[in-house]
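*Asks:* Before I ask anything, here is the structure I am working with.
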Number of protein chains: 4
Amino acid sequence: MYAVVKSKPAPGAEIRTVDRPEVGDHEVLVEVKAATICGTDVHIWDWNPWAQGRIRPPLIMGHEFCGEVVEVGRGVTRVRVGDLVSAETHIVDDTCYQCLTGKKHLCLHTEILGVDRDGVFAEYVVLPEENAWVNDPRLDPFLASLQEPLGNAVHSALPEDNIEDITGGYAAVLGCGPIGLMSIAVLKKLGASKVIATEIKPLRLEFAKAMGADLTLNPLKERDLVRRVLEYTDGRGVDVVLEMSGSPSALIQGLEMATNGGRVSLLGLPEASVGIDVSRLIVFKGLRIFGITGRRMFKTWYQVRELLRDRGFREEMKRLITHRLPMAEIDKGMALIKSGEAVKVGLYPTWE
Amino acid sequence: MYAVVKSKPAPGAEIRTVDRPEVGDHEVLVEVKAATICGTDVHIWDWNPWAQGRIRPPLIMGHEFCGEVVEVGRGVTRVRVGDLVSAETHIVDDTCYQCLTGKKHLCLHTEILGVDRDGVFAEYVVLPEENAWVNDPRLDPFLASLQEPLGNAVHSALPEDNIEDITGGYAAVLGCGPIGLMSIAVLKKLGASKVIATEIKPLRLEFAKAMGADLTLNPLKERDLVRRVLEYTDGRGVDVVLEMSGSPSALIQGLEMATNGGRVSLLGLPEASVGIDVSRLIVFKGLRIFGITGRRMFKTWYQVRELLRDRGFREEMKRLITHRLPMAEIDKGMALIKSGEAVKVGLYPTWE
Amino acid sequence: MYAVVKSKPAPGAEIRTVDRPEVGDHEVLVEVKAATICGTDVHIWDWNPWAQGRIRPPLIMGHEFCGEVVEVGRGVTRVRVGDLVSAETHIVDDTCYQCLTGKKHLCLHTEILGVDRDGVFAEYVVLPEENAWVNDPRLDPFLASLQEPLGNAVHSALPEDNIEDITGGYAAVLGCGPIGLMSIAVLKKLGASKVIATEIKPLRLEFAKAMGADLTLNPLKERDLVRRVLEYTDGRGVDVVLEMSGSPSALIQGLEMATNGGRVSLLGLPEASVGIDVSRLIVFKGLRIFGITGRRMFKTWYQVRELLRDRGFREEMKRLITHRLPMAEIDKGMALIKSGEAVKVGLYPTWE
Amino acid sequence: MYAVVKSKPAPGAEIRTVDRPEVGDHEVLVEVKAATICGTDVHIWDWNPWAQGRIRPPLIMGHEFCGEVVEVGRGVTRVRVGDLVSAETHIVDDTCYQCLTGKKHLCLHTEILGVDRDGVFAEYVVLPEENAWVNDPRLDPFLASLQEPLGNAVHSALPEDNIEDITGGYAAVLGCGPIGLMSIAVLKKLGASKVIATEIKPLRLEFAKAMGADLTLNPLKERDLVRRVLEYTDGRGVDVVLEMSGSPSALIQGLEMATNGGRVSLLGLPEASVGIDVSRLIVFKGLRIFGITGRRMFKTWYQVRELLRDRGFREEMKRLITHRLPMAEIDKGMALIKSGEAVKVGLYPTWE
């Protein structure tokens with residue numbers, strides 16, 4: 001079968017043929033119908049320092065996708081041939097303390113699809129049955145593929161089961177990449193009264209407005225961004241901050257703009273240590289900070305599924321897929337993302 | 001001043017003049033601009049068994065309202081003359097265990113406006129400063145008056161601070177009186193994926209649809225209402241049930257339709273004991289049941305205020321005020337409610 | 001192998017030889033080292049109405065146990081031959097909404113060991129790997145067997161992950177059967193300031209004191225039990241009530257004695273409907289009621305394991321096993337429990 | 001009256017006579033019976049940079065205390081002359097968003113006793129009625145004085161109402177000053193299975209053991225402290241970390257030793273920015289971080305009161321007061337604390 005293979009420890013990847021994978025007892029074989037490119041894929045493509053430390057070529061890239069189940073292992077009970085599935089991309093051990101106490105997304109032995117094992121930019125992919133999320137057959141395959149990052153957005157907004165709701169609250173999204181943009185729509189859907197979005201790229205700021213942001217700010221153009229946010233919230237500050245940029249200065253701004261006792265979800269990944277005035281910004285403010293990784297398995301998936309039943313919400317998500325290309329032109333997709341022309345690039349399985 | 005006074009232990013009330021009340025150190029005097037009739041007012045008017053046991057005439061009736069502060073006591077610091085206020089109608093002692101641990105709405109010594117002390121169907125009313133919620137001056141006074149029952153609806157949906165959110169969940173509202181109808185709109189605003197409403201009065205079922213209910217059912221016309229709900233939710237049942245009717249059979253249906261581990265808020269007041277198969281309907285299902293009284297002071301008020309910033313939501317609430325009458329015609333308002341012609345009746349301060 | 005088999009739809013059971021069970025791919029075969037008799041076993045033995053409706057003979061009885069793994073299926077990865085294990089006795093489907101959202105103990109398709117499939121009063125038992133909880137090899141096998149009901153006690157005290165703690169609070173345990181007695185010790189360990197226990201059997205009241213109850217009351221001897229509790233709590237009432245008796249009057253007393261906004265866990269199983277004054281006892285009091293079934297999988301097991309690391313706590317638990325008998329004399333054990341002479345009866349694998 | 005007055009912007013303080021304060025309408029006048037010295041008092045005494053920026057002389061020092069009410073303002077309703085009271089030392093505005101939504105301890109306009117207004121190292125002190133916590137008259141006044149820092153310890157362990165309990169969990173206390181030492185006893189009382197304490201001063205490490213720490217470690221003597229903790233917890237790490245030292249390296253160790261998904265309370269105040277590898281230590285680990293300031297008003301006070309009903313716990317707390325001196329010798333108390341000879345110094349009202 002065809003696949004996008006990171007075959008060497010160097011930038012780029014090649015499209016070549018490889019053996020179709022075998023299905024284990026508790027696995028399913030899926031024919032890929034649609035995929036989308038994630039920022040992580042770009043890092044692997046570019047062979048950045050993180051990728052150099054983590055990726056072991058050869059590896060089939062990609063993890064966001066939707067496909068049709070064409071074969072199931074003999075121990076499979078829930079998923080059936082013909083099901084349209086997407087992947088929870090964290091493959092967990094199901095036996096550690098975290099897995100056994102409702103925190104599978106924080107399993108100590110997580111393997112990630114397309115990072116630690118062969119991914120979905122291929123004609124076929126094998127998944128553990130547990131990781132195959134069965135979609136409504138009427139769901140657009142590209143939307144189905146978006147569920148994985150949309151799950152990150154939902155998880156950031158609702159990091160644990162019993163957390164104060166956002167209804168009528170003030171929220172901020174710092175960094176409007178695809179997950180940040182999705183978060184804006186999610187926060188509005190959750191009843192946030194005011195959503196503030198910050199971003200330095202003009203195209204993304206435009207999208208932030210389209211997703212429903214009530215106030216959009218470009219940190220490069222604001223003399224005092226935090227003051228603007230405080231004024232906009234009548235001096236109270238923000239109840240819920242979602243840091244999606246990985247920028248140290250955005251993280252600090254997030255802590256500054258949070259109201260006393262507010263909460264801050266950190267999904268963005270700073271590349272180096274961040275100097276934080278812990279006393280003033282965390283202790284005295286009584287802030288709550290949540291590290292966000294993956295999606296809650298599978299609470300978040302149910303939430304995502306239901307959010308997508310709303311037609312208006314589906315339209316907003318669809319709008320984020322600015323380009324759709326054949327798998328064979330994945331290099332063009334990478335270029336579009338890096339140039340800032342694309343928000344989200346979809347790939348369909350045309351290989352020649 | 002004029003007031004609607006329950007002067008005798010008998011049905012009805014009279015409009016007469018009484019002394020304008022004096023303002024204590026920590027109280028404010030408010031000139032009434034708009035009020036709305038609550039079901040409790042109807043019970044007092046009708047002198048039903050509950051009223052006979054609780055009310056001590058003479059008493060000025062009413063508690064839902066909006067008015068302008070015209071005088072403040074010498075110890076008042078937050079509220080100012082000219083402020084447009086509504087009332088948190090539970091006057092609490094601020095010193096008991098409940099009050100000191102964040103549960104003022106469950107104070108053991110609560111006095112209720114228009115029930116235990118003189119109310120708002122009058123030209124002026126005196127409130128403790130703590131109970132005066134300052135409104136946005138641009139808010140329609142009748143909408144401002146609705147905040148109190150709307151708070152009941154929000155409190156029912158979100159009975160405590162850290163509770164699992166409703167986003168993407170399935171919910172049911174049993175009983176579509178004014179608070180039930182408000183709850184439907186609140187649940188949709190909170191992101192509920194499917195809201196089911198049950199009600200026996202046709203006009204209210206129509207309103208339920210207008211508020212956004214996805215499925216409306218008349219228990220009198222359904223052969224197996226619970227089965228209908230289970231089918232509509234793909235066999236899973238409902239995550240969040242709000243019992244708003246006080247009907248024993250609705251309460252049981254609510255427990256039946258809840259999914260294992262779901263939650264049920266009880267706001268409706270059955271008049272007699274309800275026989276409950278505790279083992280099957282609560283223990284084995286692992287249900288969580290919440291008694292709902294009042295509004296969280298003042299978390300709920302902030303949530304209500306912010307919900308009302310949304311224009312669409314304001315329109316939905318306004319639609320519930322089907323009639324507006326002068327105070328002098330309160331008897332007509334009572335009749336309209338009892339006949340089922342009115343959902344919510346507004347009263348404005350015209351006395352002659 | 002020998003086993004205690006419910007072979008006919010009638011009271012009693014017989015000890016006879018049956019085939020040793022086969023191990024499936026994801027199962028483990030365990031040689032039973034110690035078991036304990038649960039109230040459910042007594043119901044099955046006595047063939048009470050519940051048993052008549054649920055049990056399908058022939059069935060090997062029993063579910064509380066500890067044993068050594070002697071064989072593992074080929075798909076088993078976590079459990080090893082030689083491990084000393086106890087059983088989470090709820091075998092769940094791992095695929096339903098409840099299982100996939102952190103509520104496995106409320107799975108819609110639960111099978112219970114020794115109820116719906118062959119149990120542990122036998123020389124060997126087969127368990128799904130998921131249900132085999134690996135014990136510290138130094139743990140006394142009878143204590144290990146007690147973990148299952150102890151888990152019920154912990155789950156009742158802490159029904160969900162994020163719930164207000166009991167430290168410094170007032171608690172009541174209604175009904176001092178084995179799980180009730182365990183609950184007393186658990187509540188004290190959780191820092192409850194005052195634990196009140198009610199029970200009609202004198203022996204159990206003695207045990208309640210030994211477990212640490214600060215006040216023990218016999219409902220048959222109290223003229224006004226609720227008033228006694230209110231006085232003992234300075235008029236405030238109880239923060240956390242655990243209803244462990246299944247008695248309708250105890251359940252009502254529990255609702256009465258709870259402080260406004262308190263919580264009530266229901267584990268006891270009333271045999272018929274209970275008439276509840278919902279308005280006065282649930283709605284106006286703002287109570288929270290939790291149905292309790294099983295144990296949280298596997299959060300509760302971790303809590304139980306750690307509680308048992310405390311020597312004093314282990315001693316308290318051990319004291320509850322008032323009798324130890326060979327399996328061959330299970331009929332004597334049943335009689336001891338029914339006569340009220342025994343609290344908890346242990347069984348060891350001597351069959352002749 | 002006599003008082004310890006910070007009269008000049010310089011190290012030290014003087015004992016001198018000042019006017020006895022007047023009681024406002026909602027205030028109480030308290031005759032001081034016992035007080036204790038807090039680390040904050042040492043900072044003010046030493047006139048450190050924080051004190052230079054915050055304190056406006058002249059100021060009567062001190063905030064931890066117990067005294068007898070000798071006069072009440074005319075608006076006082078709950079507190080009575082003769083009551084033995086301690087002070088919640090945060091005087092809040094009762095009108096801001098935080099105060100009105102259950103987060104008074106995070107009020108934006110907090111004034112602190114002995115920091116922003118005259119304190120308790122005096123013959124008399126005036127308190128707002130709200131801040132006067134009425135003690136059991138039998139409680140030792142020095143223990144009553146300790147309730148304020150003990151409240152910090154409880155608040156650190158239980159930062160919000162609905163948070164996963166500590167029962168059976170693993171905990172670490174980093175820094176064993178008085179609040180750290182109290183925290184150890186609190187964590188054991190909450191049922192923590194293993195409590196690890198770290199501290200560099202030998203005397204405090206001894207006290208840590210006496211408070212119940214299961215493992216005590218001196219960071220200066222450990223080659224790899226985090227590895228020691230991981231080994232001690234079977235590789236799992238710590239569920240609940242309380243950072244009480246203000247040391248940047250301890251804070252980082254706390255993040256390192258926390259298990260994935262664990263929680264970290266920050267009470268210690270680093271003097272400068274701390275460089276944190278946010279991606280690795282917070283995001284990927286899915287940690288939850290809580291800034292801790294003050295005590296929950298007044299949930300924490302109820303918890304503290306009840307903890308102190310336990311005789312063993314009272315003994316542990318008493319042991320921390322290593323020295324008792326007359327107010328006139330406060331300078332000796334300061335010296336004892338700074339030399340590391342004292343844990344907690346009590347002061348009694350002997351002035352000459």
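We label chains A, B, ... in the order they appear in the structure tokens, count residues from 1 in each chain, and number ligands from 1 in the order shown.
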Report as an NGL selection string all protein, DNA and RNA residues lying within 8 Å of range 118-121 of chain C, evaluated on only C-alpha atoms, omitting residues in the same chain fewer than 2 positions from it.

*Replies:* :C and (3-4 or 32 or 35 or 59-65 or 113-116 or 123-125 or 327)

*Asks:* So which residues of range 28-261 of chain C fall under strand (DSSP E or B) by DSSP, listed as a PyMOL selection string?

*Replies:* chain C and resi 28-36+59-60+64-72+84-87+90-91+111-113+117+122+124-128+132-134+163+170-174+194-198+215-217+238-243+258-261

*Asks:* Find the distance between CA of Pro9 in chain C and CA of Gly53 in chain C and write it in Å to one decimal.

*Replies:*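 Here the two named atoms are 10.3 Å from each other.
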
*Asks:* I want to know what sits within 10 Å of Lys33 in chain C, based on only C-alpha atoms, with residues of the same chain fewer than 6 positions away left out; could you give that as a PyMOL selection string?

*Replies:* chain C and resi 65-68+84-85+120+122-124+141-142+145+347-350

*Asks:* Which residue gives the smallest distance to chain A among B:Glu199, B:Asp234, B:Asp224, B:Asp310, with only C-alpha atoms counted?

*Replies:* B:Asp310

*Asks:* For chain C, work out the contacting residues on chain D at 12 Å, counting only C-alpha atoms, and write them as a ChimeraX atom specification.

*Replies:* /D:154-155,157-170,185-194,214,233,299-311,313

*Asks:* Could you save those same residues with C-alpha atoms as a PDB file, in the first residue's frame?

*Replies:*
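Everything below was put into selection14.pdb:
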ATOM      1  CA  VAL D 154      -5.783  22.658  55.831  1.00  0.00           C
ATOM      2  CA  HIS D 155      -6.473  24.996  52.926  1.00  0.00           C
ATOM      3  CA  ALA D 157      -4.389  20.153  51.558  1.00  0.00           C
ATOM      4  CA  LEU D 158      -7.981  20.896  50.505  1.00  0.00           C
ATOM      5  CA  PRO D 159      -7.847  23.929  48.224  1.00  0.00           C
ATOM      6  CA  GLU D 160     -11.436  23.705  47.062  1.00  0.00           C
ATOM      7  CA  ASP D 161     -14.660  22.142  48.136  1.00  0.00           C
ATOM      8  CA  ASN D 162     -14.929  19.347  45.673  1.00  0.00           C
ATOM      9  CA  ILE D 163     -11.480  17.946  45.199  1.00  0.00           C
ATOM     10  CA  GLU D 164     -10.345  14.375  45.180  1.00  0.00           C
ATOM     11  CA  ASP D 165      -9.684  13.211  48.717  1.00  0.00           C
ATOM     12  CA  ILE D 166      -6.280  12.284  50.062  1.00  0.00           C
ATOM     13  CA  THR D 167      -7.342   9.027  51.723  1.00  0.00           C
ATOM     14  CA  GLY D 168      -4.966   6.281  50.816  1.00  0.00           C
ATOM     15  CA  GLY D 169      -2.937   8.643  48.680  1.00  0.00           C
ATOM     16  CA  TYR D 170       0.727   9.630  48.710  1.00  0.00           C
ATOM     17  CA  ALA D 185      -0.262  16.134  60.800  1.00  0.00           C
ATOM     18  CA  VAL D 186      -3.243  17.279  58.714  1.00  0.00           C
ATOM     19  CA  LEU D 187      -2.373  14.946  55.824  1.00  0.00           C
ATOM     20  CA  LYS D 188      -2.065  11.971  58.156  1.00  0.00           C
ATOM     21  CA  LYS D 189      -5.381  12.905  59.726  1.00  0.00           C
ATOM     22  CA  LEU D 190      -6.911  12.995  56.238  1.00  0.00           C
ATOM     23  CA  GLY D 191      -5.831   9.415  55.696  1.00  0.00           C
ATOM     24  CA  ALA D 192      -2.766   9.941  53.518  1.00  0.00           C
ATOM     25  CA  SER D 193      -1.020   6.593  53.287  1.00  0.00           C
ATOM     26  CA  LYS D 194       2.519   7.915  52.878  1.00  0.00           C
ATOM     27  CA  ASP D 214       6.645   8.463  56.968  1.00  0.00           C
ATOM     28  CA  THR D 233       6.144   5.359  46.044  1.00  0.00           C
ATOM     29  CA  LYS D 299     -15.213  26.405  55.640  1.00  0.00           C
ATOM     30  CA  THR D 300     -11.579  26.012  56.666  1.00  0.00           C
ATOM     31  CA  TRP D 301     -12.284  27.338  60.176  1.00  0.00           C
ATOM     32  CA  TYR D 302     -14.918  24.687  60.758  1.00  0.00           C
ATOM     33  CA  GLN D 303     -12.465  22.024  59.617  1.00  0.00           C
ATOM     34  CA  VAL D 304      -9.779  23.386  61.920  1.00  0.00           C
ATOM     35  CA  ARG D 305     -12.148  23.556  64.862  1.00  0.00           C
ATOM     36  CA  GLU D 306     -13.137  19.937  64.426  1.00  0.00           C
ATOM     37  CA  LEU D 307      -9.575  18.704  63.909  1.00  0.00           C
ATOM     38  CA  LEU D 308      -8.739  20.264  67.266  1.00  0.00           C
ATOM     39  CA  ARG D 309     -11.447  18.254  68.999  1.00  0.00           C
ATOM     40  CA  ASP D 310      -9.133  15.286  68.697  1.00  0.00           C
ATOM     41  CA  ARG D 311      -6.906  15.130  71.747  1.00  0.00           C
ATOM     42  CA  PHE D 313      -4.065  16.189  67.297  1.00  0.00           C
TER      43      PHE D 313
END

*Asks:* Find the residues near Arg78 in chain B: any atom within 12 Å, counting only C-alpha atoms, skip ones fewer than 3 places away on the same chain, and give them as a VMD selection string.

*Replies:* (chain B and resid 26 to 28 69 72 to 75 81 83 85 128 to 134) or (chain D and resid 93 to 96)

*Asks:* Taking C-alpha atoms for each residue, export the selection above as a compact mmCIF listing (two decimals), in the first residue's frame.

*Replies:*
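Printed below is result-v4.txt as written:
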# COMPACT_ATOMS: atom_id res chain seq x y z
CA HIS B 26 -28.12 48.33 56.22
CA GLU B 27 -31.22 48.54 54.12
CA VAL B 28 -32.29 50.26 50.95
CA VAL B 69 -33.20 52.76 44.89
CA VAL B 72 -30.10 54.02 51.53
CA GLY B 73 -29.39 53.39 55.21
CA ARG B 74 -26.34 54.97 56.80
CA GLY B 75 -24.38 51.69 56.85
CA VAL B 81 -29.45 55.90 45.16
CA ASP B 83 -29.39 52.01 41.13
CA VAL B 85 -32.08 46.63 41.58
CA PRO B 128 -31.36 44.48 53.17
CA GLU B 129 -28.45 45.83 51.15
CA GLU B 130 -27.10 42.32 50.73
CA ASN B 131 -30.27 41.31 48.89
CA ALA B 132 -30.25 44.14 46.41
CA TRP B 133 -28.75 42.93 43.14
CA VAL B 134 -27.72 45.92 41.05
CA ASP D 93 -14.90 43.92 51.25
CA ASP D 94 -17.87 41.52 51.03
CA THR D 95 -18.97 43.17 47.81
CA CYS D 96 -16.57 42.15 45.03
